[in-house]
file start-v9.cif (mmCIF, C-alpha atoms)
data_final
#
loop_
_atom_site.label_atom_id
_atom_site.label_comp_id
_atom_site.auth_asym_id
_atom_site.auth_seq_id
_atom_site.Cartn_x
_atom_site.Cartn_y
_atom_site.Cartn_z
CA MET A 530 36.04 -1.05 -36.71
CA LYS A 531 33.68 -3.55 -38.35
CA LYS A 532 36.03 -6.40 -37.42
CA ILE A 533 36.06 -5.26 -33.80
CA LEU A 534 32.27 -4.99 -33.74
CA TRP A 535 31.75 -8.43 -35.24
CA GLY A 536 34.32 -9.84 -32.85
CA PHE A 537 32.38 -8.41 -29.91
CA ILE A 538 29.11 -9.85 -31.22
CA LEU A 539 30.70 -13.26 -31.76
CA CYS A 540 32.12 -13.28 -28.22
CA THR A 541 28.73 -12.35 -26.79
CA VAL A 542 26.96 -15.10 -28.74
CA CYS A 543 29.57 -17.64 -27.65
CA ALA A 544 29.22 -16.60 -24.02
CA LEU A 545 25.45 -17.01 -24.14
CA ALA A 546 25.80 -20.37 -25.88
CA LYS A 547 27.98 -21.62 -23.02
CA ALA A 548 25.75 -20.18 -20.29
CA ASN A 549 23.69 -22.45 -18.11
CA THR A 550 20.36 -20.64 -17.87
CA GLY A 551 17.95 -20.97 -14.99
CA VAL A 552 14.73 -19.23 -13.98
CA ALA A 553 13.56 -18.29 -10.49
CA PHE A 554 9.89 -17.44 -9.84
CA VAL A 555 9.61 -14.96 -6.96
CA HIS A 556 6.13 -14.49 -5.47
CA GLY A 557 4.61 -11.31 -4.04
CA THR A 558 3.28 -10.39 -0.60
CA GLY A 559 2.38 -13.36 1.56
CA GLU A 560 3.89 -16.32 3.37
CA GLN A 561 4.20 -19.13 0.86
CA SER A 562 4.87 -22.81 1.34
CA ASP A 563 3.63 -23.98 -2.09
CA ALA A 564 3.88 -21.00 -4.43
CA PHE A 565 4.06 -23.35 -7.42
CA ASN A 566 0.38 -24.24 -6.96
CA ASP A 567 -0.99 -21.51 -4.72
CA TYR A 568 0.57 -18.38 -6.19
CA TRP A 569 1.62 -18.96 -9.80
CA THR A 570 -0.12 -22.25 -10.67
CA GLY A 571 1.67 -25.12 -12.33
CA ASP A 572 0.24 -24.17 -15.72
CA PHE A 573 2.09 -20.84 -15.64
CA VAL A 574 5.42 -22.18 -14.35
CA ASN A 575 5.48 -25.22 -16.62
CA SER A 576 4.67 -23.10 -19.66
CA VAL A 577 7.43 -20.56 -18.99
CA ARG A 578 10.13 -23.12 -18.27
CA GLN A 579 9.64 -24.68 -21.69
CA GLY A 580 11.84 -21.84 -22.95
CA LEU A 581 14.84 -23.15 -21.03
CA PRO A 582 17.48 -25.30 -22.75
CA ASN A 583 17.25 -27.51 -19.65
CA GLN A 584 13.66 -27.35 -18.41
CA SER A 585 14.64 -28.65 -14.97
CA ASN A 586 16.67 -25.50 -14.30
CA PHE A 587 13.99 -23.61 -12.40
CA VAL A 588 13.07 -22.85 -8.83
CA VAL A 589 9.85 -21.55 -7.29
CA ILE A 590 10.63 -19.47 -4.24
CA ASN A 591 8.70 -19.97 -0.98
CA CYS A 592 9.41 -17.26 1.60
CA ASP A 593 7.68 -15.07 4.16
CA PHE A 594 7.06 -11.86 2.24
CA THR A 595 4.78 -10.52 4.94
CA GLN A 596 7.98 -9.09 6.44
CA PHE A 597 9.94 -5.99 5.48
CA MET A 598 11.92 -6.56 2.30
CA TRP A 599 15.30 -6.61 4.10
CA ALA A 600 14.19 -9.04 6.83
CA ASP A 601 15.73 -12.48 7.17
CA GLY A 602 12.42 -14.14 6.32
CA ALA A 603 12.13 -12.07 3.13
CA ALA A 604 15.42 -11.07 1.42
CA GLY A 605 17.38 -13.47 3.62
CA CYS A 606 15.14 -16.37 2.66
CA LEU A 607 15.22 -15.36 -1.01
CA ALA A 608 19.00 -15.09 -0.96
CA GLY A 609 19.28 -18.51 0.63
CA GLN A 610 17.02 -20.24 -1.87
CA LEU A 611 18.59 -18.48 -4.86
CA THR A 612 22.08 -19.35 -3.62
CA SER A 613 21.17 -23.01 -3.21
CA PHE A 614 19.63 -23.02 -6.69
CA VAL A 615 22.48 -21.39 -8.60
CA ASN A 616 25.15 -23.37 -6.77
CA SER A 617 23.49 -26.78 -6.96
CA ARG A 618 22.55 -26.40 -10.64
CA ASN A 619 25.66 -24.42 -11.60
CA ILE A 620 23.49 -21.63 -13.00
CA THR A 621 25.58 -18.95 -14.71
CA ASP A 622 22.68 -17.07 -16.38
CA LEU A 623 19.91 -16.43 -13.86
CA VAL A 624 16.61 -14.93 -15.01
CA VAL A 625 14.35 -13.80 -12.15
CA ILE A 626 10.61 -13.49 -12.70
CA THR A 627 8.93 -11.53 -9.93
CA HIS A 628 5.40 -10.39 -9.22
CA SER A 629 4.18 -7.41 -7.18
CA ASN A 630 6.11 -7.02 -3.89
CA GLY A 631 8.57 -9.68 -4.99
CA GLY A 632 10.08 -6.97 -7.17
CA ASN A 633 10.88 -4.93 -4.07
CA VAL A 634 12.64 -7.85 -2.40
CA ILE A 635 14.85 -8.65 -5.38
CA ARG A 636 15.52 -4.93 -5.86
CA TRP A 637 16.66 -4.74 -2.24
CA ILE A 638 19.21 -7.48 -2.96
CA MET A 639 20.44 -5.76 -6.13
CA SER A 640 20.62 -2.38 -4.39
CA ASN A 641 22.51 -3.49 -1.27
CA PRO A 642 25.25 -5.96 -2.28
CA THR A 643 27.21 -5.46 0.96
CA PHE A 644 24.23 -6.16 3.23
CA ASP A 645 24.59 -9.94 2.95
CA SER A 646 27.60 -11.97 1.78
CA ARG A 647 25.33 -14.04 -0.49
CA TYR A 648 24.08 -11.08 -2.51
CA PRO A 649 27.12 -10.53 -4.80
CA ASN A 650 27.09 -14.13 -6.04
CA ILE A 651 23.40 -13.81 -6.94
CA ILE A 652 23.88 -10.46 -8.69
CA ASN A 653 26.92 -11.70 -10.63
CA ARG A 654 24.93 -14.64 -12.02
CA MET A 655 21.81 -12.64 -12.87
CA ARG A 656 21.02 -11.70 -16.45
CA TRP A 657 18.08 -9.53 -15.42
CA ALA A 658 14.71 -9.53 -13.67
CA TYR A 659 11.29 -9.54 -15.29
CA ALA A 660 9.17 -7.56 -12.85
CA ILE A 661 5.48 -8.29 -13.45
CA ALA A 662 3.29 -5.58 -11.93
CA PRO A 663 5.96 -4.51 -9.41
CA SER A 664 4.83 -2.35 -6.51
CA SER A 665 7.89 -0.12 -6.85
CA GLY A 666 6.00 3.03 -5.89
CA GLY A 667 3.61 1.39 -3.44
CA THR A 668 -0.18 1.57 -3.54
CA PRO A 669 -2.81 3.72 -1.80
CA LEU A 670 -4.66 0.49 -1.04
CA ALA A 671 -1.90 -0.45 1.42
CA GLU A 672 -2.84 2.64 3.42
CA GLN A 673 -6.45 1.48 3.41
CA VAL A 674 -5.48 -1.96 4.68
CA ILE A 675 -3.38 -0.48 7.49
CA ALA A 676 -6.34 1.71 8.41
CA GLY A 677 -8.36 -1.50 8.78
CA ASN A 678 -11.27 -0.65 6.48
CA VAL A 679 -13.11 -2.92 4.04
CA PHE A 680 -10.10 -3.28 1.75
CA GLU A 681 -8.44 -5.44 4.39
CA GLN A 682 -10.99 -8.14 3.59
CA SER A 683 -11.50 -7.60 -0.14
CA LEU A 684 -7.76 -7.59 -0.87
CA GLY A 685 -6.84 -10.44 1.43
CA PHE A 686 -6.27 -12.81 -1.49
CA ILE A 687 -3.54 -10.56 -2.94
CA LEU A 688 -2.23 -8.26 -0.25
CA GLY A 689 -3.01 -10.11 2.93
CA PHE A 690 -3.79 -8.28 6.12
CA ALA A 691 -1.95 -5.57 8.06
CA ASN A 692 1.67 -6.72 8.19
CA ASP A 693 5.12 -5.22 7.66
CA ALA A 694 5.13 -5.86 3.92
CA VAL A 695 1.83 -4.02 3.58
CA ARG A 696 3.14 -1.12 5.68
CA GLN A 697 6.21 -1.03 3.45
CA GLN A 698 4.06 -0.65 0.32
CA GLN A 699 2.39 2.56 1.46
CA PRO A 700 3.36 5.23 -1.11
CA ASP A 701 5.11 7.52 1.40
CA TRP A 702 7.13 4.64 2.78
CA MET A 703 8.17 3.45 -0.69
CA ALA A 704 9.11 7.02 -1.63
CA PHE A 705 11.50 7.05 1.33
CA TYR A 706 13.03 3.67 0.48
CA ASN A 707 13.37 4.65 -3.19
CA SER A 708 15.25 7.81 -2.23
CA THR A 709 17.60 6.08 0.20
CA TRP A 710 18.03 2.31 0.20
CA LEU A 711 16.82 1.27 -3.25
CA LEU A 712 18.29 1.88 -6.69
CA GLY A 713 16.65 2.20 -10.09
CA THR A 714 14.17 5.05 -9.60
CA ALA A 715 14.36 8.57 -11.02
CA GLY A 716 17.35 10.49 -9.69
CA ARG A 717 18.96 7.38 -8.20
CA PRO A 718 21.82 5.25 -9.52
CA ALA A 719 20.87 2.44 -11.88
CA LEU A 720 20.46 -1.11 -10.68
CA PRO A 721 23.40 -3.44 -11.47
CA ARG A 722 21.10 -5.62 -13.59
CA ARG A 723 18.13 -4.68 -15.77
CA PHE A 724 14.75 -4.62 -14.08
CA TRP A 725 12.20 -5.00 -16.89
CA ASN A 726 8.65 -3.95 -16.05
CA ILE A 727 5.51 -5.64 -17.37
CA VAL A 728 2.65 -3.30 -16.53
CA GLY A 729 -1.03 -4.11 -16.01
CA THR A 730 -3.26 -1.26 -17.15
CA ASP A 731 -6.90 -2.16 -16.49
CA VAL A 732 -9.50 -4.51 -15.00
CA GLU A 733 -12.27 -5.91 -17.17
CA SER A 734 -15.00 -7.74 -15.26
CA SER A 735 -17.99 -8.17 -17.54
CA PRO A 736 -19.73 -11.46 -16.65
CA PHE A 737 -20.46 -11.88 -20.37
CA ASP A 738 -16.78 -11.71 -21.37
CA PRO A 739 -14.91 -15.03 -21.03
CA ASP A 740 -11.65 -13.11 -20.61
CA SER A 741 -12.89 -11.80 -17.26
CA TYR A 742 -12.80 -15.34 -15.88
CA CYS A 743 -9.10 -15.98 -16.57
CA GLY A 744 -7.47 -16.37 -13.16
CA GLY A 745 -10.83 -16.41 -11.37
CA TYR A 746 -13.87 -14.17 -11.71
CA THR A 747 -14.24 -13.48 -7.98
CA GLU A 748 -10.72 -12.05 -7.88
CA THR A 749 -11.38 -10.00 -11.01
CA LEU A 750 -14.57 -8.56 -9.54
CA ALA A 751 -12.79 -7.58 -6.31
CA LEU A 752 -10.10 -5.77 -8.30
CA GLU A 753 -12.77 -3.96 -10.32
CA VAL A 754 -14.07 -2.54 -7.03
CA THR A 755 -10.67 -1.47 -5.72
CA GLN A 756 -9.75 0.08 -9.07
CA GLU A 757 -12.33 2.78 -8.39
CA PHE A 758 -9.91 4.17 -5.80
CA LEU A 759 -6.92 4.16 -8.15
CA ASP A 760 -5.89 5.91 -11.35
CA ALA A 761 -7.61 5.08 -14.62
CA CYS A 762 -4.42 3.28 -15.62
CA SER A 763 -4.11 0.58 -12.97
CA ASP A 764 -4.45 -3.17 -12.57
CA GLY A 765 -6.88 -2.97 -9.65
CA PHE A 766 -4.09 -2.99 -7.08
CA LEU A 767 -1.32 -0.79 -8.46
CA ASN A 768 -1.31 2.39 -10.48
CA CYS A 769 0.71 2.17 -13.68
CA SER A 770 2.96 4.92 -12.31
CA SER A 771 3.90 2.67 -9.38
CA GLN A 772 4.61 -0.29 -11.64
CA GLU A 773 6.87 1.91 -13.77
CA ALA A 774 8.59 3.73 -10.90
CA ALA A 775 11.78 1.65 -11.01
CA GLY A 776 13.78 0.01 -13.76
CA THR A 777 12.85 -0.01 -17.44
CA LEU A 778 9.47 -0.47 -19.06
CA TRP A 779 9.37 -3.61 -21.20
CA PHE A 780 5.72 -3.32 -22.20
CA ARG A 781 2.27 -2.39 -21.01
CA ASP A 782 -0.02 -5.42 -21.26
CA VAL A 783 -2.13 -4.31 -24.24
CA GLN A 784 1.01 -3.77 -26.31
CA ALA A 785 1.84 -7.48 -26.33
CA THR A 786 -0.98 -9.69 -25.01
CA ASN A 787 -3.31 -11.78 -27.14
CA GLY A 788 -6.22 -9.66 -28.31
CA ARG A 789 -4.61 -6.63 -26.64
CA GLU A 790 -6.23 -7.73 -23.38
CA PRO A 791 -5.34 -5.96 -20.13
CA LEU A 792 -3.94 -7.96 -17.23
CA ASN A 793 -5.39 -7.27 -13.81
CA HIS A 794 -3.15 -7.84 -10.79
CA ASN A 795 -4.29 -11.42 -10.34
CA GLN A 796 -4.17 -12.34 -14.03
CA SER A 797 -0.55 -11.20 -14.31
CA ARG A 798 0.56 -14.22 -12.26
CA ARG A 799 -1.48 -16.63 -14.39
CA PRO A 800 -1.22 -17.97 -17.97
CA CYS A 801 -3.64 -15.31 -19.24
CA PHE A 802 -3.66 -13.85 -22.75
CA GLY A 803 -0.26 -15.27 -23.71
CA LEU A 804 1.83 -13.74 -20.93
CA ASP A 805 3.39 -17.11 -20.17
CA VAL A 806 4.38 -17.54 -23.84
CA ILE A 807 5.93 -14.06 -23.96
CA LEU A 808 8.09 -14.92 -20.97
CA ARG A 809 8.86 -18.37 -22.33
CA ASN A 810 10.18 -16.88 -25.55
CA ASN A 811 12.44 -14.45 -23.70
CA VAL A 812 14.09 -16.52 -20.98
#
call {"tool": "encode", "arguments": {"input": "start-v9.cif", "output": "structure tokens"}}
result
Amino acid sequence: MKKILWGFILCTVCALAKANTGVAFVHGTGEQSDAFNDYWTGDFVNSVRQGLPNQSNFVVINCDFTQFMWADGAAGCLAGQLTSFVNSRNITDLVVITHSNGGNVIRWIMSNPTFDSRYPNIINRMRWAYAIAPSSGGTPLAEQVIAGNVFEQSLGFILGFANDAVRQQQPDWMAFYNSTWLLGTAGRPALPRRFWNIVGTDVESSPFDPDSYCGGYTETLALEVTQEFLDACSDGFLNCSSQEAAGTLWFRDVQATNGREPLNHNQSRRPCFGLDVILRNNV
């Protein structure tokens, strides 16, 4: 038995050693043309990709995620860019790093392999997805945006305005999708690849705390306001329960960040409190 076990471990190590690893950065809600600079920032992307054996094996996705997750401009665009990436670079070990609504789009692809002929090739090459603050259960703030109240303006920098992606992230709508079209939530079949959640738990906005300025103080202050309408455990945009609704919890921010600092919804797409280094060390 021991010989069999060690043989399995050796085969696994050899397979990983021969793999050609690549990382894809998948943005959240919004129509992006330069997500490298405008969504993630170069500091974040360049830090994470240092963990790759070949640091040029990365792609930053630019799609129209104002559409429903299954739409051609959303999942279709993502499938096209991922297919071009894995085929052109011969990627056999694909790690996907998503943020917010990007988790819903990649989960759509993993949940519906027969919907598009490109999906199986992507799934087969995926190791897993790191889902940073995924909106798997939606957010009450999406309802507020659709209603057209003040949140439409204050959350414009993260959520955008009333569009199909925002409608999709209303809790009732996500509950329907999670019970029908999407995998990985309670009572549903598991996803074909691991979907590891990184959860933001709080917003700290003291003007006297330098940590509040990481990622931009204006954004932090706006999320402090919106957090008043969410659970105590939230990142200013999403309740922790929504972020943990699908897949497997990897860690809540304070369990792993420098100084046990929480990550608000904007900071979790920035090189704040060592998040970039955590990802770098695990790609």
call {"tool": "atom_distance", "arguments": {"input": "start-v9.cif", "atom1": "atom CA of A:Asn591", "atom2": "atom CA of A:Ala553"}}
result
10.8 Å
call {"tool": "resolve_selection", "arguments": {"input": "start-v9.cif", "expression": "the PyMOL selection byres ((chain A and resi 603) around 12)", "output": "ChimeraX atom specification"}}
result
/A:555-561,590-602,604-610,630-638,693-694
call {"tool": "resolve_selection", "arguments": {"input": "start-v9.cif", "expression": "the PyMOL selection byres ((chain A and resi 704) around 12)", "output": "PyMOL selection string"}}
result
chain A and resi 664-668+697-703+705-712+714-715+717+771+774-775
call {"tool": "residues_around", "arguments": {"input": "start-v9.cif", "residues": "A:Val615", "least_positions_apart": "4", "cutoff": "10 Å", "atoms": "only C-alpha atoms", "output": "PyMOL selection string"}}
result
chain A and resi 549-553+586-588+610-611+619-623+650-651+654-655
call {"tool": "closest_residue", "arguments": {"input": "start-v9.cif", "among": "A:Phe766, A:Phe737, A:Phe758, A:Tyr659", "to": "A:Arg722", "atoms": "only C-alpha atoms"}}
result
A:Tyr659
call {"tool": "atom_distance", "arguments": {"input": "start-v9.cif", "atom1": "atom CA of A:Arg618", "atom2": "atom CA of A:Phe724"}}
result
23.4 Å
call {"tool": "resolve_selection", "arguments": {"input": "start-v9.cif", "expression": "the PyMOL selection byres ((chain A and resi 783-792) around 9)", "output": "ChimeraX atom specification"}}
result
/A:728-733,740,764,780-782,793-797,801-804,807
call {"tool": "atom_distance", "arguments": {"input": "start-v9.cif", "atom1": "atom CA of A:Leu670", "atom2": "atom CA of A:Gly765"}}
result
9.5 Å
call {"tool": "residues_around", "arguments": {"input": "start-v9.cif", "residues": "stretch 566-571 of chain A", "least_positions_apart": "4", "cutoff": "7 Å", "atoms": "all atoms listed in the file", "output": "VMD selection string"}}
result
chain A and resid 556 575 798 to 799
call {"tool": "residues_around", "arguments": {"input": "start-v9.cif", "residues": "A:Leu581", "least_positions_apart": "3", "cutoff": "7 Å", "atoms": "all atoms listed in the file", "output": "number ranges by chain"}}
result
A: 550, 578, 584, 812
call {"tool": "closest_residue", "arguments": {"input": "start-v9.cif", "among": "A:Leu720, A:Ser629, A:Thr755, A:Lys547", "to": "A:Pro642", "atoms": "all atoms listed in the file"}}
result
A:Leu720
call {"tool": "closest_residue", "arguments": {"input": "start-v9.cif", "among": "A:Pro663, A:Pro721, A:Gly744, A:Pro739", "to": "A:Leu767", "atoms": "only C-alpha atoms"}}
result
A:Pro663
